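Asker: Dropping the structure in here first, questions after.
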Amino acid sequence: MGAGTKFREILASKGLVEAMAAHSPLSAMLAAEAGFDAIWASGFELSAMYGVPDVSIVSMTQHLDMTRAMAERSGLPVVADIDTGFGNAINVLHAVDQYERAGVAAIVMEDKSFPKVTSLIAGGRQDMVRVEEFQGKIEAACAARRDRDLVIVARTEALIAGLGQDEALRRARAYEQAGADLILVHSKQKTPDEIEAFVAAWDGKAPIALVPTAYPQMTVARVRELGKIGLLIWGNHAIRASVRAMRETFARIRAEGGIHGVESSIASVDEVFDLQGMRKVKDDEKRFLR
Ligand code: SPV
Ligand code: MG
């Protein structure tokens, strides 16, 4: 079964796909172990992992290679954050072909111009493309997929750009008309009000996708209560958890003049061996090494 079909089956059976952000195969494996339905191959997380801003600096190849590895190692459907589609509709044709070959379940493409600026930054430059241009990019994404079940998610940044609810709805409707399977609406408001108003006003058939990073009060229970939401993305919690854990551990080793103090607060070497599959290596050695 293709990854897109798997995604659609989870959506149909559970009514909601809950995706956790990841930036590496290991973080994707940990998300799978924790029981999430899908992996969010986040552009923000991968940019942060490379130590660069999320402003279209990480290349498609870098993101694609990591996405492929995350799909392979986690076994979960991967929702690929392809930003603006790496250019115009022609670039989108190529990108969707490549991401589908990499085994993703879904692609999320946003209606900002290339190069983009990360959404949650205060006072960020948030330039949008025209509705017609983005419709062309969605149509290109739909035309490029070989598997009809590959999920095409159109993301509007109208609220992020401060264009208001009417513009967000106008764009969402136009994107559904162009063939988007889901509509992601993003917000950087500190409360869910703006998003809840959008959800209440949404009159399309396409389920909504949310990334509630800025309004963490939003829970799975509330999302289910609101209805209309098919994809919930925990947007950057893998990289933020890692940053805090590494900072604290490194500082303690420096302060304590050794590694003795941190031993019980970090993963054991055996835990990491388990994640790497060293047990199987040992069995395979017995079987195959002569
Ligand atoms: C990402 O995780 O890369 C996203 C979500 O696109 S956000 O950073 O909030 O825009
Ligand atoms: Mg992103």
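All residue names refer to the structure tokens as shown: chains lettered A, B, ... in order, residues numbered from 1 in each chain, ligands numbered from 1 in order.
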With only C-alpha atoms and all ligand atoms counted, collect every polymer residue having an atom within 9 Å of ligand 2; state the result as a list in words.

Answerer: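 Every residue with an atom at most 9 Å from ligand 2 is listed here: Ala41, Ser42, Gly43, Phe44, Glu45, Asp54, Asp81, Ile82, Asp83, Val108, Met109, Glu110, Thr118, Ser119 and Gly235 of chain A.
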
Asker: Among the residues of range 98-146 of chain A, find those DSSP assigns to helix (DSSP H, G or I) from the backbone and print them as a PyMOL selection string.

Answerer: chain A and resi 98-101+131-144

Asker: Kindly export the residues of the current selection with N, CA and C atoms, as an mmCIF file, in the first residue's frame.

Answerer:
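out_1.cif written:
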data_model
loop_
_atom_site.group_PDB
_atom_site.id
_atom_site.type_symbol
_atom_site.label_atom_id
_atom_site.label_comp_id
_atom_site.auth_asym_id
_atom_site.auth_seq_id
_atom_site.Cartn_x
_atom_site.Cartn_y
_atom_site.Cartn_z
ATOM 1 N N GLN A 98 9.698 13.962 -7.328
ATOM 2 C CA GLN A 98 10.802 13.502 -6.478
ATOM 3 C C GLN A 98 10.328 13.081 -5.082
ATOM 4 N N TYR A 99 9.427 13.858 -4.500
ATOM 5 C CA TYR A 99 8.940 13.524 -3.151
ATOM 6 C C TYR A 99 8.083 12.257 -3.175
ATOM 7 N N GLU A 100 7.342 12.072 -4.240
ATOM 8 C CA GLU A 100 6.543 10.844 -4.330
ATOM 9 C C GLU A 100 7.479 9.635 -4.430
ATOM 10 N N ARG A 101 8.536 9.758 -5.240
ATOM 11 C CA ARG A 101 9.509 8.666 -5.347
ATOM 12 C C ARG A 101 10.198 8.401 -4.011
ATOM 13 N N VAL A 131 -3.339 34.458 -6.105
ATOM 14 C CA VAL A 131 -4.182 33.260 -5.969
ATOM 15 C C VAL A 131 -4.081 32.389 -7.227
ATOM 16 N N GLU A 132 -4.158 33.046 -8.413
ATOM 17 C CA GLU A 132 -4.145 32.277 -9.672
ATOM 18 C C GLU A 132 -2.821 31.525 -9.824
ATOM 19 N N GLU A 133 -1.732 32.201 -9.430
ATOM 20 C CA GLU A 133 -0.420 31.548 -9.553
ATOM 21 C C GLU A 133 -0.374 30.315 -8.646
ATOM 22 N N PHE A 134 -0.902 30.450 -7.447
ATOM 23 C CA PHE A 134 -0.851 29.316 -6.532
ATOM 24 C C PHE A 134 -1.797 28.197 -6.975
ATOM 25 N N GLN A 135 -2.920 28.574 -7.559
ATOM 26 C CA GLN A 135 -3.818 27.539 -8.117
ATOM 27 C C GLN A 135 -3.065 26.718 -9.179
ATOM 28 N N GLY A 136 -2.270 27.417 -9.996
ATOM 29 C CA GLY A 136 -1.473 26.725 -11.026
ATOM 30 C C GLY A 136 -0.480 25.759 -10.382
ATOM 31 N N LYS A 137 0.085 26.176 -9.237
ATOM 32 C CA LYS A 137 1.054 25.310 -8.554
ATOM 33 C C LYS A 137 0.353 24.079 -7.963
ATOM 34 N N ILE A 138 -0.859 24.271 -7.448
ATOM 35 C CA ILE A 138 -1.617 23.126 -6.909
ATOM 36 C C ILE A 138 -1.981 22.172 -8.055
ATOM 37 N N GLU A 139 -2.427 22.761 -9.170
ATOM 38 C CA GLU A 139 -2.783 21.919 -10.309
ATOM 39 C C GLU A 139 -1.564 21.141 -10.804
ATOM 40 N N ALA A 140 -0.403 21.794 -10.777
ATOM 41 C CA ALA A 140 0.839 21.111 -11.177
ATOM 42 C C ALA A 140 1.134 19.966 -10.210
ATOM 43 N N ALA A 141 0.962 20.203 -8.914
ATOM 44 C CA ALA A 141 1.215 19.150 -7.912
ATOM 45 C C ALA A 141 0.287 17.961 -8.154
ATOM 46 N N CYS A 142 -0.985 18.243 -8.431
ATOM 47 C CA CYS A 142 -1.953 17.162 -8.677
ATOM 48 C C CYS A 142 -1.604 16.403 -9.958
ATOM 49 N N ALA A 143 -1.177 17.157 -10.981
ATOM 50 C CA ALA A 143 -0.859 16.521 -12.272
ATOM 51 C C ALA A 143 0.398 15.667 -12.173
ATOM 52 N N ALA A 144 1.317 16.044 -11.294
ATOM 53 C CA ALA A 144 2.613 15.353 -11.228
ATOM 54 C C ALA A 144 2.529 14.021 -10.493
#

Asker: Please provide the set of residues having any atom within 10 Å of Ala22 in chain A, restricted to only C-alpha atoms, with same-chain residues fewer than 6 positions apart removed, written as a PDB file with all heavy atoms, in the first residue's frame.

Answerer:
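File selection_28.pdb, as written:
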ATOM      1  N   ALA A  28      12.405  10.746  13.857  1.00  0.00           N
ATOM      2  CA  ALA A  28      11.195  10.168  13.257  1.00  0.00           C
ATOM      3  C   ALA A  28      10.889   8.808  13.892  1.00  0.00           C
ATOM      4  O   ALA A  28       9.724   8.481  14.143  1.00  0.00           O
ATOM      5  CB  ALA A  28      11.370  10.024  11.747  1.00  0.00           C
ATOM      6  N   MET A  29      11.936   8.025  14.183  1.00  0.00           N
ATOM      7  CA  MET A  29      11.740   6.725  14.837  1.00  0.00           C
ATOM      8  C   MET A  29      11.165   6.914  16.243  1.00  0.00           C
ATOM      9  O   MET A  29      10.305   6.158  16.692  1.00  0.00           O
ATOM     10  CB  MET A  29      13.068   5.972  14.912  1.00  0.00           C
ATOM     11  CG  MET A  29      13.535   5.434  13.569  1.00  0.00           C
ATOM     12  SD  MET A  29      15.302   5.046  13.555  1.00  0.00           S
ATOM     13  CE  MET A  29      15.354   3.630  14.648  1.00  0.00           C
ATOM     14  N   LEU A  30      11.644   7.931  16.938  1.00  0.00           N
ATOM     15  CA  LEU A  30      11.142   8.184  18.297  1.00  0.00           C
ATOM     16  C   LEU A  30       9.690   8.645  18.257  1.00  0.00           C
ATOM     17  O   LEU A  30       8.891   8.290  19.130  1.00  0.00           O
ATOM     18  CB  LEU A  30      12.027   9.213  19.014  1.00  0.00           C
ATOM     19  CG  LEU A  30      13.447   8.714  19.349  1.00  0.00           C
ATOM     20  CD1 LEU A  30      14.323   9.866  19.827  1.00  0.00           C
ATOM     21  CD2 LEU A  30      13.409   7.604  20.393  1.00  0.00           C
ATOM     22  N   ALA A  31       9.330   9.400  17.229  1.00  0.00           N
ATOM     23  CA  ALA A  31       7.934   9.830  17.069  1.00  0.00           C
ATOM     24  C   ALA A  31       7.045   8.610  16.805  1.00  0.00           C
ATOM     25  O   ALA A  31       5.940   8.506  17.348  1.00  0.00           O
ATOM     26  CB  ALA A  31       7.815  10.841  15.934  1.00  0.00           C
ATOM     27  N   ILE A  39       4.671  11.565  10.367  1.00  0.00           N
ATOM     28  CA  ILE A  39       5.841  12.421  10.604  1.00  0.00           C
ATOM     29  C   ILE A  39       5.669  13.704   9.806  1.00  0.00           C
ATOM     30  O   ILE A  39       5.312  13.673   8.623  1.00  0.00           O
ATOM     31  CB  ILE A  39       7.136  11.718  10.124  1.00  0.00           C
ATOM     32  CG1 ILE A  39       7.365  10.387  10.872  1.00  0.00           C
ATOM     33  CG2 ILE A  39       8.352  12.642  10.246  1.00  0.00           C
ATOM     34  CD1 ILE A  39       7.531  10.511  12.360  1.00  0.00           C
ATOM     35  N   TRP A  40       5.951  14.812  10.463  1.00  0.00           N
ATOM     36  CA  TRP A  40       5.981  16.109   9.773  1.00  0.00           C
ATOM     37  C   TRP A  40       7.444  16.388   9.432  1.00  0.00           C
ATOM     38  O   TRP A  40       8.262  16.646  10.334  1.00  0.00           O
ATOM     39  CB  TRP A  40       5.420  17.196  10.701  1.00  0.00           C
ATOM     40  CG  TRP A  40       5.586  18.638  10.306  1.00  0.00           C
ATOM     41  CD1 TRP A  40       6.186  19.616  11.058  1.00  0.00           C
ATOM     42  CD2 TRP A  40       5.121  19.313   9.123  1.00  0.00           C
ATOM     43  NE1 TRP A  40       6.118  20.829  10.420  1.00  0.00           N
ATOM     44  CE2 TRP A  40       5.470  20.668   9.225  1.00  0.00           C
ATOM     45  CE3 TRP A  40       4.453  18.876   7.976  1.00  0.00           C
ATOM     46  CZ2 TRP A  40       5.169  21.619   8.232  1.00  0.00           C
ATOM     47  CZ3 TRP A  40       4.159  19.811   6.977  1.00  0.00           C
ATOM     48  CH2 TRP A  40       4.507  21.151   7.118  1.00  0.00           C
ATOM     49  N   ALA A  41       7.787  16.298   8.147  1.00  0.00           N
ATOM     50  CA  ALA A  41       9.161  16.577   7.701  1.00  0.00           C
ATOM     51  C   ALA A  41       9.299  18.086   7.586  1.00  0.00           C
ATOM     52  O   ALA A  41       9.167  18.681   6.512  1.00  0.00           O
ATOM     53  CB  ALA A  41       9.430  15.889   6.371  1.00  0.00           C
ATOM     54  N   SER A  42       9.547  18.692   8.721  1.00  0.00           N
ATOM     55  CA  SER A  42       9.493  20.151   8.892  1.00  0.00           C
ATOM     56  C   SER A  42      10.699  20.875   8.296  1.00  0.00           C
ATOM     57  O   SER A  42      11.844  20.512   8.578  1.00  0.00           O
ATOM     58  CB  SER A  42       9.412  20.430  10.403  1.00  0.00           C
ATOM     59  OG  SER A  42       9.850  21.726  10.712  1.00  0.00           O
ATOM     60  N   GLY A  43      10.416  21.898   7.505  1.00  0.00           N
ATOM     61  CA  GLY A  43      11.497  22.725   6.974  1.00  0.00           C
ATOM     62  C   GLY A  43      12.184  23.517   8.066  1.00  0.00           C
ATOM     63  O   GLY A  43      13.410  23.697   8.052  1.00  0.00           O
ATOM     64  N   PHE A  44      11.406  23.963   9.031  1.00  0.00           N
ATOM     65  CA  PHE A  44      11.973  24.707  10.158  1.00  0.00           C
ATOM     66  C   PHE A  44      12.939  23.823  10.941  1.00  0.00           C
ATOM     67  O   PHE A  44      14.056  24.235  11.275  1.00  0.00           O
ATOM     68  CB  PHE A  44      10.849  25.207  11.066  1.00  0.00           C
ATOM     69  CG  PHE A  44      11.332  25.777  12.367  1.00  0.00           C
ATOM     70  CD1 PHE A  44      11.791  27.088  12.428  1.00  0.00           C
ATOM     71  CD2 PHE A  44      11.356  25.011  13.525  1.00  0.00           C
ATOM     72  CE1 PHE A  44      12.261  27.614  13.630  1.00  0.00           C
ATOM     73  CE2 PHE A  44      11.829  25.524  14.720  1.00  0.00           C
ATOM     74  CZ  PHE A  44      12.274  26.835  14.772  1.00  0.00           C
ATOM     75  N   GLU A  45      12.512  22.591  11.233  1.00  0.00           N
ATOM     76  CA  GLU A  45      13.375  21.698  12.024  1.00  0.00           C
ATOM     77  C   GLU A  45      14.667  21.374  11.270  1.00  0.00           C
ATOM     78  O   GLU A  45      15.749  21.389  11.856  1.00  0.00           O
ATOM     79  CB  GLU A  45      12.637  20.389  12.344  1.00  0.00           C
ATOM     80  CG  GLU A  45      11.541  20.556  13.357  1.00  0.00           C
ATOM     81  CD  GLU A  45      11.570  19.529  14.501  1.00  0.00           C
ATOM     82  OE1 GLU A  45      12.342  18.561  14.436  1.00  0.00           O
ATOM     83  OE2 GLU A  45      10.799  19.717  15.460  1.00  0.00           O
ATOM     84  N   LEU A  46      14.549  21.083   9.980  1.00  0.00           N
ATOM     85  CA  LEU A  46      15.765  20.710   9.243  1.00  0.00           C
ATOM     86  C   LEU A  46      16.703  21.913   9.109  1.00  0.00           C
ATOM     87  O   LEU A  46      17.922  21.780   9.260  1.00  0.00           O
ATOM     88  CB  LEU A  46      15.412  20.128   7.868  1.00  0.00           C
ATOM     89  CG  LEU A  46      16.600  19.443   7.191  1.00  0.00           C
ATOM     90  CD1 LEU A  46      17.089  18.245   7.983  1.00  0.00           C
ATOM     91  CD2 LEU A  46      16.246  19.014   5.776  1.00  0.00           C
ATOM     92  N   MET A  66      16.652  13.737   3.542  1.00  0.00           N
ATOM     93  CA  MET A  66      16.280  13.497   4.944  1.00  0.00           C
ATOM     94  C   MET A  66      14.862  12.940   5.021  1.00  0.00           C
ATOM     95  O   MET A  66      14.587  12.028   5.804  1.00  0.00           O
ATOM     96  CB  MET A  66      16.403  14.799   5.742  1.00  0.00           C
ATOM     97  CG  MET A  66      16.339  14.586   7.218  1.00  0.00           C
ATOM     98  SD  MET A  66      17.662  13.508   7.815  1.00  0.00           S
ATOM     99  CE  MET A  66      18.995  14.697   8.007  1.00  0.00           C
ATOM    100  N   THR A  67      13.982  13.459   4.180  1.00  0.00           N
ATOM    101  CA  THR A  67      12.594  12.994   4.165  1.00  0.00           C
ATOM    102  C   THR A  67      12.540  11.511   3.796  1.00  0.00           C
ATOM    103  O   THR A  67      11.828  10.722   4.424  1.00  0.00           O
ATOM    104  CB  THR A  67      11.773  13.837   3.166  1.00  0.00           C
ATOM    105  OG1 THR A  67      11.815  15.193   3.618  1.00  0.00           O
ATOM    106  CG2 THR A  67      10.335  13.391   3.089  1.00  0.00           C
ATOM    107  N   MET A  70      13.722   9.475   6.671  1.00  0.00           N
ATOM    108  CA  MET A  70      12.734   9.455   7.760  1.00  0.00           C
ATOM    109  C   MET A  70      11.591   8.490   7.437  1.00  0.00           C
ATOM    110  O   MET A  70      11.117   7.764   8.306  1.00  0.00           O
ATOM    111  CB  MET A  70      12.192  10.863   8.024  1.00  0.00           C
ATOM    112  CG  MET A  70      13.261  11.785   8.587  1.00  0.00           C
ATOM    113  SD  MET A  70      12.611  13.283   9.348  1.00  0.00           S
ATOM    114  CE  MET A  70      12.047  14.183   7.961  1.00  0.00           C
ATOM    115  N   VAL A  78       4.794  10.053   5.838  1.00  0.00           N
ATOM    116  CA  VAL A  78       5.490  11.323   6.045  1.00  0.00           C
ATOM    117  C   VAL A  78       4.761  12.444   5.310  1.00  0.00           C
ATOM    118  O   VAL A  78       4.406  12.296   4.138  1.00  0.00           O
ATOM    119  CB  VAL A  78       6.960  11.234   5.570  1.00  0.00           C
ATOM    120  CG1 VAL A  78       7.621  12.603   5.586  1.00  0.00           C
ATOM    121  CG2 VAL A  78       7.744  10.260   6.442  1.00  0.00           C
ATOM    122  N   TRP A 234       2.161  18.762  15.165  1.00  0.00           N
ATOM    123  CA  TRP A 234       2.963  19.340  16.256  1.00  0.00           C
ATOM    124  C   TRP A 234       4.279  19.763  15.589  1.00  0.00           C
ATOM    125  O   TRP A 234       5.125  18.938  15.286  1.00  0.00           O
ATOM    126  CB  TRP A 234       3.161  18.323  17.381  1.00  0.00           C
ATOM    127  CG  TRP A 234       1.869  17.752  17.928  1.00  0.00           C
ATOM    128  CD1 TRP A 234       1.518  16.432  17.988  1.00  0.00           C
ATOM    129  CD2 TRP A 234       0.761  18.478  18.518  1.00  0.00           C
ATOM    130  NE1 TRP A 234       0.261  16.298  18.560  1.00  0.00           N
ATOM    131  CE2 TRP A 234      -0.227  17.530  18.896  1.00  0.00           C
ATOM    132  CE3 TRP A 234       0.498  19.832  18.755  1.00  0.00           C
ATOM    133  CZ2 TRP A 234      -1.436  17.894  19.489  1.00  0.00           C
ATOM    134  CZ3 TRP A 234      -0.714  20.184  19.345  1.00  0.00           C
ATOM    135  CH2 TRP A 234      -1.660  19.230  19.710  1.00  0.00           C
ATOM    136  N   GLY A 235       4.409  21.076  15.359  1.00  0.00           N
ATOM    137  CA  GLY A 235       5.315  21.588  14.339  1.00  0.00           C
ATOM    138  C   GLY A 235       6.806  21.547  14.574  1.00  0.00           C
ATOM    139  O   GLY A 235       7.578  21.427  13.607  1.00  0.00           O
ATOM    140  N   ASN A 236       7.263  21.678  15.811  1.00  0.00           N
ATOM    141  CA  ASN A 236       8.725  21.805  15.989  1.00  0.00           C
ATOM    142  C   ASN A 236       9.200  21.284  17.341  1.00  0.00           C
ATOM    143  O   ASN A 236      10.239  21.720  17.830  1.00  0.00           O
ATOM    144  CB  ASN A 236       9.150  23.265  15.796  1.00  0.00           C
ATOM    145  CG  ASN A 236       8.344  24.217  16.664  1.00  0.00           C
ATOM    146  OD1 ASN A 236       7.881  23.846  17.743  1.00  0.00           O
ATOM    147  ND2 ASN A 236       8.195  25.456  16.222  1.00  0.00           N
ATOM    148  N   HIS A 237       8.448  20.340  17.875  1.00  0.00           N
ATOM    149  CA  HIS A 237       8.730  19.922  19.254  1.00  0.00           C
ATOM    150  C   HIS A 237       9.903  18.963  19.371  1.00  0.00           C
ATOM    151  O   HIS A 237      10.482  18.827  20.450  1.00  0.00           O
ATOM    152  CB  HIS A 237       7.431  19.418  19.905  1.00  0.00           C
ATOM    153  CG  HIS A 237       6.437  20.552  19.951  1.00  0.00           C
ATOM    154  ND1 HIS A 237       5.756  20.965  18.815  1.00  0.00           N
ATOM    155  CD2 HIS A 237       6.110  21.404  20.933  1.00  0.00           C
ATOM    156  CE1 HIS A 237       5.026  22.028  19.126  1.00  0.00           C
ATOM    157  NE2 HIS A 237       5.221  22.318  20.398  1.00  0.00           N
ATOM    158  N   ALA A 238      10.300  18.347  18.266  1.00  0.00           N
ATOM    159  CA  ALA A 238      11.481  17.461  18.313  1.00  0.00           C
ATOM    160  C   ALA A 238      12.750  18.297  18.445  1.00  0.00           C
ATOM    161  O   ALA A 238      13.599  18.029  19.304  1.00  0.00           O
ATOM    162  CB  ALA A 238      11.532  16.592  17.055  1.00  0.00           C
ATOM    163  N   ILE A 239      12.855  19.324  17.625  1.00  0.00           N
ATOM    164  CA  ILE A 239      14.103  20.104  17.655  1.00  0.00           C
ATOM    165  C   ILE A 239      14.187  20.922  18.943  1.00  0.00           C
ATOM    166  O   ILE A 239      15.265  21.059  19.533  1.00  0.00           O
ATOM    167  CB  ILE A 239      14.255  20.994  16.394  1.00  0.00           C
ATOM    168  CG1 ILE A 239      15.718  21.455  16.216  1.00  0.00           C
ATOM    169  CG2 ILE A 239      13.364  22.217  16.423  1.00  0.00           C
ATOM    170  CD1 ILE A 239      16.593  20.447  15.551  1.00  0.00           C
TER     171      ILE A 239
END

Asker: At what distance in Å, to one decimal, does CA of Gly51 in chain A lie from atom 1 (C, counted along the ligand's line) of ligand 1?

Answerer: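 Answer for the atom 1 (C, counted along the ligand's line) of ligand 1 to CA of Gly51 in chain A separation: 14.6 Å.
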
Asker: If we count only C-alpha atoms and set the cut-off at 8 Å, which residues sit around range 9-16 of chain A, ignoring sequence neighbours fewer than 2 positions away in its own chain? Please answer as a ChimeraX atom specification.

Answerer: /A:5-7,18,37,224,229-232

Asker: DSSP on the backbone: which residues in range 96-164 of chain A end up as strand (DSSP E or B)? Give the answer as a list in words.

Answerer: Ala106, Ile107, Val108, Met109, Glu110, Lys112, Met128, Val151, Ile152, Val153, Ala154, Arg155 and Thr156 of chain A

Asker: Between A:Val243, A:Val211, A:Val185, A:Leu163, which one has atoms that come closest to ligand 1, using only C-alpha atoms and all ligand atoms?

Answerer: A:Val211

Asker: Find the distance between CA of Arg171 in chain A and CA of Thr156 in chain A and write it in Å to one decimal.

Answerer: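 These two atoms are separated by 6.9 Å.
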
Asker: Can you tell me which residues surround Arg173 in chain A at a distance of at most 10 Å, considering only C-alpha atoms, apart from same-chain residues fewer than 3 positions away, and format the answer as a VMD selection string?

Answerer: chain A and resid 167 to 170 176 to 178 180 183 202 to 206

Asker: Write to file, as a short mmCIF file (atom, residue, chain, number, x, y, z; two decimals), in the first residue's frame, the residues of the selection just made, with all heavy atoms.

Answerer:
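Output file selection-v2.cif is given in full below:
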data_model
loop_
_atom_site.label_atom_id
_atom_site.label_comp_id
_atom_site.auth_asym_id
_atom_site.auth_seq_id
_atom_site.Cartn_x
_atom_site.Cartn_y
_atom_site.Cartn_z
N GLU A 167 -9.73 37.00 3.35
CA GLU A 167 -8.71 36.62 2.37
C GLU A 167 -8.28 35.16 2.58
O GLU A 167 -8.08 34.42 1.62
CB GLU A 167 -7.50 37.56 2.47
CG GLU A 167 -6.37 37.29 1.49
CD GLU A 167 -6.75 37.49 0.02
OE1 GLU A 167 -7.86 37.99 -0.27
OE2 GLU A 167 -5.91 37.13 -0.85
N ALA A 168 -8.16 34.75 3.84
CA ALA A 168 -7.79 33.36 4.14
C ALA A 168 -8.85 32.42 3.57
O ALA A 168 -8.53 31.41 2.92
CB ALA A 168 -7.63 33.15 5.63
N LEU A 169 -10.12 32.76 3.76
CA LEU A 169 -11.20 31.92 3.25
C LEU A 169 -11.26 31.92 1.73
O LEU A 169 -11.44 30.87 1.09
CB LEU A 169 -12.55 32.40 3.82
CG LEU A 169 -12.80 32.01 5.27
CD1 LEU A 169 -13.91 32.85 5.88
CD2 LEU A 169 -13.15 30.52 5.39
N ARG A 170 -11.06 33.11 1.14
CA ARG A 170 -11.07 33.23 -0.33
C ARG A 170 -9.99 32.33 -0.93
O ARG A 170 -10.22 31.60 -1.89
CB ARG A 170 -10.83 34.69 -0.72
CG ARG A 170 -10.90 34.98 -2.21
CD ARG A 170 -10.73 36.46 -2.50
NE ARG A 170 -9.35 36.90 -2.51
CZ ARG A 170 -8.58 36.93 -3.62
NH1 ARG A 170 -9.09 36.55 -4.77
NH2 ARG A 170 -7.33 37.36 -3.56
N GLU A 176 -8.96 24.75 -2.83
CA GLU A 176 -9.73 23.50 -2.89
C GLU A 176 -10.23 23.28 -4.32
O GLU A 176 -10.16 22.18 -4.85
CB GLU A 176 -10.92 23.53 -1.91
CG GLU A 176 -11.72 22.23 -1.99
CD GLU A 176 -12.86 22.14 -1.00
OE1 GLU A 176 -13.46 23.17 -0.64
OE2 GLU A 176 -13.15 21.02 -0.56
N GLN A 177 -10.68 24.38 -4.93
CA GLN A 177 -11.18 24.30 -6.31
C GLN A 177 -10.08 23.83 -7.27
O GLN A 177 -10.34 23.10 -8.23
CB GLN A 177 -11.65 25.69 -6.71
CG GLN A 177 -12.65 25.70 -7.83
CD GLN A 177 -13.08 27.14 -8.13
OE1 GLN A 177 -12.33 28.11 -7.91
NE2 GLN A 177 -14.29 27.27 -8.60
N ALA A 178 -8.84 24.20 -6.96
CA ALA A 178 -7.71 23.80 -7.83
C ALA A 178 -7.31 22.35 -7.61
O ALA A 178 -6.46 21.82 -8.33
CB ALA A 178 -6.52 24.73 -7.58
N ALA A 180 -6.74 20.82 -4.19
CA ALA A 180 -6.10 20.47 -2.91
C ALA A 180 -6.99 19.50 -2.13
O ALA A 180 -8.20 19.67 -2.08
CB ALA A 180 -5.84 21.72 -2.09
N ILE A 183 -6.63 21.69 3.38
CA ILE A 183 -6.22 23.09 3.46
C ILE A 183 -5.54 23.32 4.81
O ILE A 183 -6.16 23.10 5.86
CB ILE A 183 -7.45 24.03 3.36
CG1 ILE A 183 -8.22 23.84 2.06
CG2 ILE A 183 -7.00 25.49 3.56
CD1 ILE A 183 -7.48 24.23 0.79
N TRP A 202 -15.35 27.90 7.72
CA TRP A 202 -14.95 27.08 6.56
C TRP A 202 -16.14 26.29 6.00
O TRP A 202 -16.78 25.52 6.71
CB TRP A 202 -13.81 26.13 6.95
CG TRP A 202 -13.40 25.18 5.86
CD1 TRP A 202 -13.37 23.82 5.93
CD2 TRP A 202 -12.92 25.51 4.55
NE1 TRP A 202 -12.92 23.28 4.75
CE2 TRP A 202 -12.65 24.29 3.88
CE3 TRP A 202 -12.73 26.71 3.86
CZ2 TRP A 202 -12.17 24.26 2.56
CZ3 TRP A 202 -12.26 26.67 2.54
CH2 TRP A 202 -11.98 25.46 1.91
N ASP A 203 -16.43 26.53 4.71
CA ASP A 203 -17.60 25.90 4.10
C ASP A 203 -17.19 24.93 2.99
O ASP A 203 -18.03 24.50 2.20
CB ASP A 203 -18.54 26.98 3.56
CG ASP A 203 -17.80 28.04 2.74
OD1 ASP A 203 -16.60 27.84 2.46
OD2 ASP A 203 -18.41 29.07 2.38
N GLY A 204 -15.89 24.61 2.95
CA GLY A 204 -15.43 23.66 1.92
C GLY A 204 -15.58 22.23 2.40
O GLY A 204 -15.95 21.98 3.55
N LYS A 205 -15.26 21.30 1.48
CA LYS A 205 -15.32 19.87 1.83
C LYS A 205 -13.98 19.37 2.34
O LYS A 205 -13.91 18.39 3.08
CB LYS A 205 -15.71 19.05 0.59
CG LYS A 205 -17.17 19.14 0.22
CD LYS A 205 -17.55 17.96 -0.69
CE LYS A 205 -19.01 17.99 -1.08
NZ LYS A 205 -19.38 19.17 -1.88
N ALA A 206 -12.91 20.04 1.91
CA ALA A 206 -11.56 19.58 2.27
C ALA A 206 -11.34 19.73 3.77
O ALA A 206 -11.66 20.77 4.35
CB ALA A 206 -10.52 20.40 1.51
#

Asker: Between A:Thr84, A:Ser265, A:Ser27, A:Thr219, which has the minimum distance to ligand 1 (counting only C-alpha atoms and all ligand atoms)?

Answerer: A:Thr84

Asker: For each of A:Arg240, A:Lys228, A:Arg146, A:Arg247, take the minimum atom-to-atom distance to ligand 1, counting only C-alpha atoms and all ligand atoms, then give the residue where this is smallest.

Answerer: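 Among A:Arg240, A:Lys228, A:Arg146, A:Arg247, it is A:Arg240 that comes nearest to ligand 1.
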
Asker: Given the choices A:Val281, A:Leu64, A:Leu120, A:Ala251, which gets closest to Ala102 in chain A if the distance is worked out from only C-alpha atoms?

Answerer: A:Leu64

Asker: Go ahead and compute the interatomic distance for CA of Val117 in chain A and CA of Ile152 in chain A, in Å to one decimal.

Answerer: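 Distance between the two atoms: 21.6 Å.
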
Asker: With only C-alpha atoms as the counted atoms, please give the residues lying no more than 10 Å from Pro192 in chain A, apart from itself and same-chain residues fewer than 4 positions off, as number ranges by chain.

Answerer: A: 187-188, 196-198, 212, 214-218
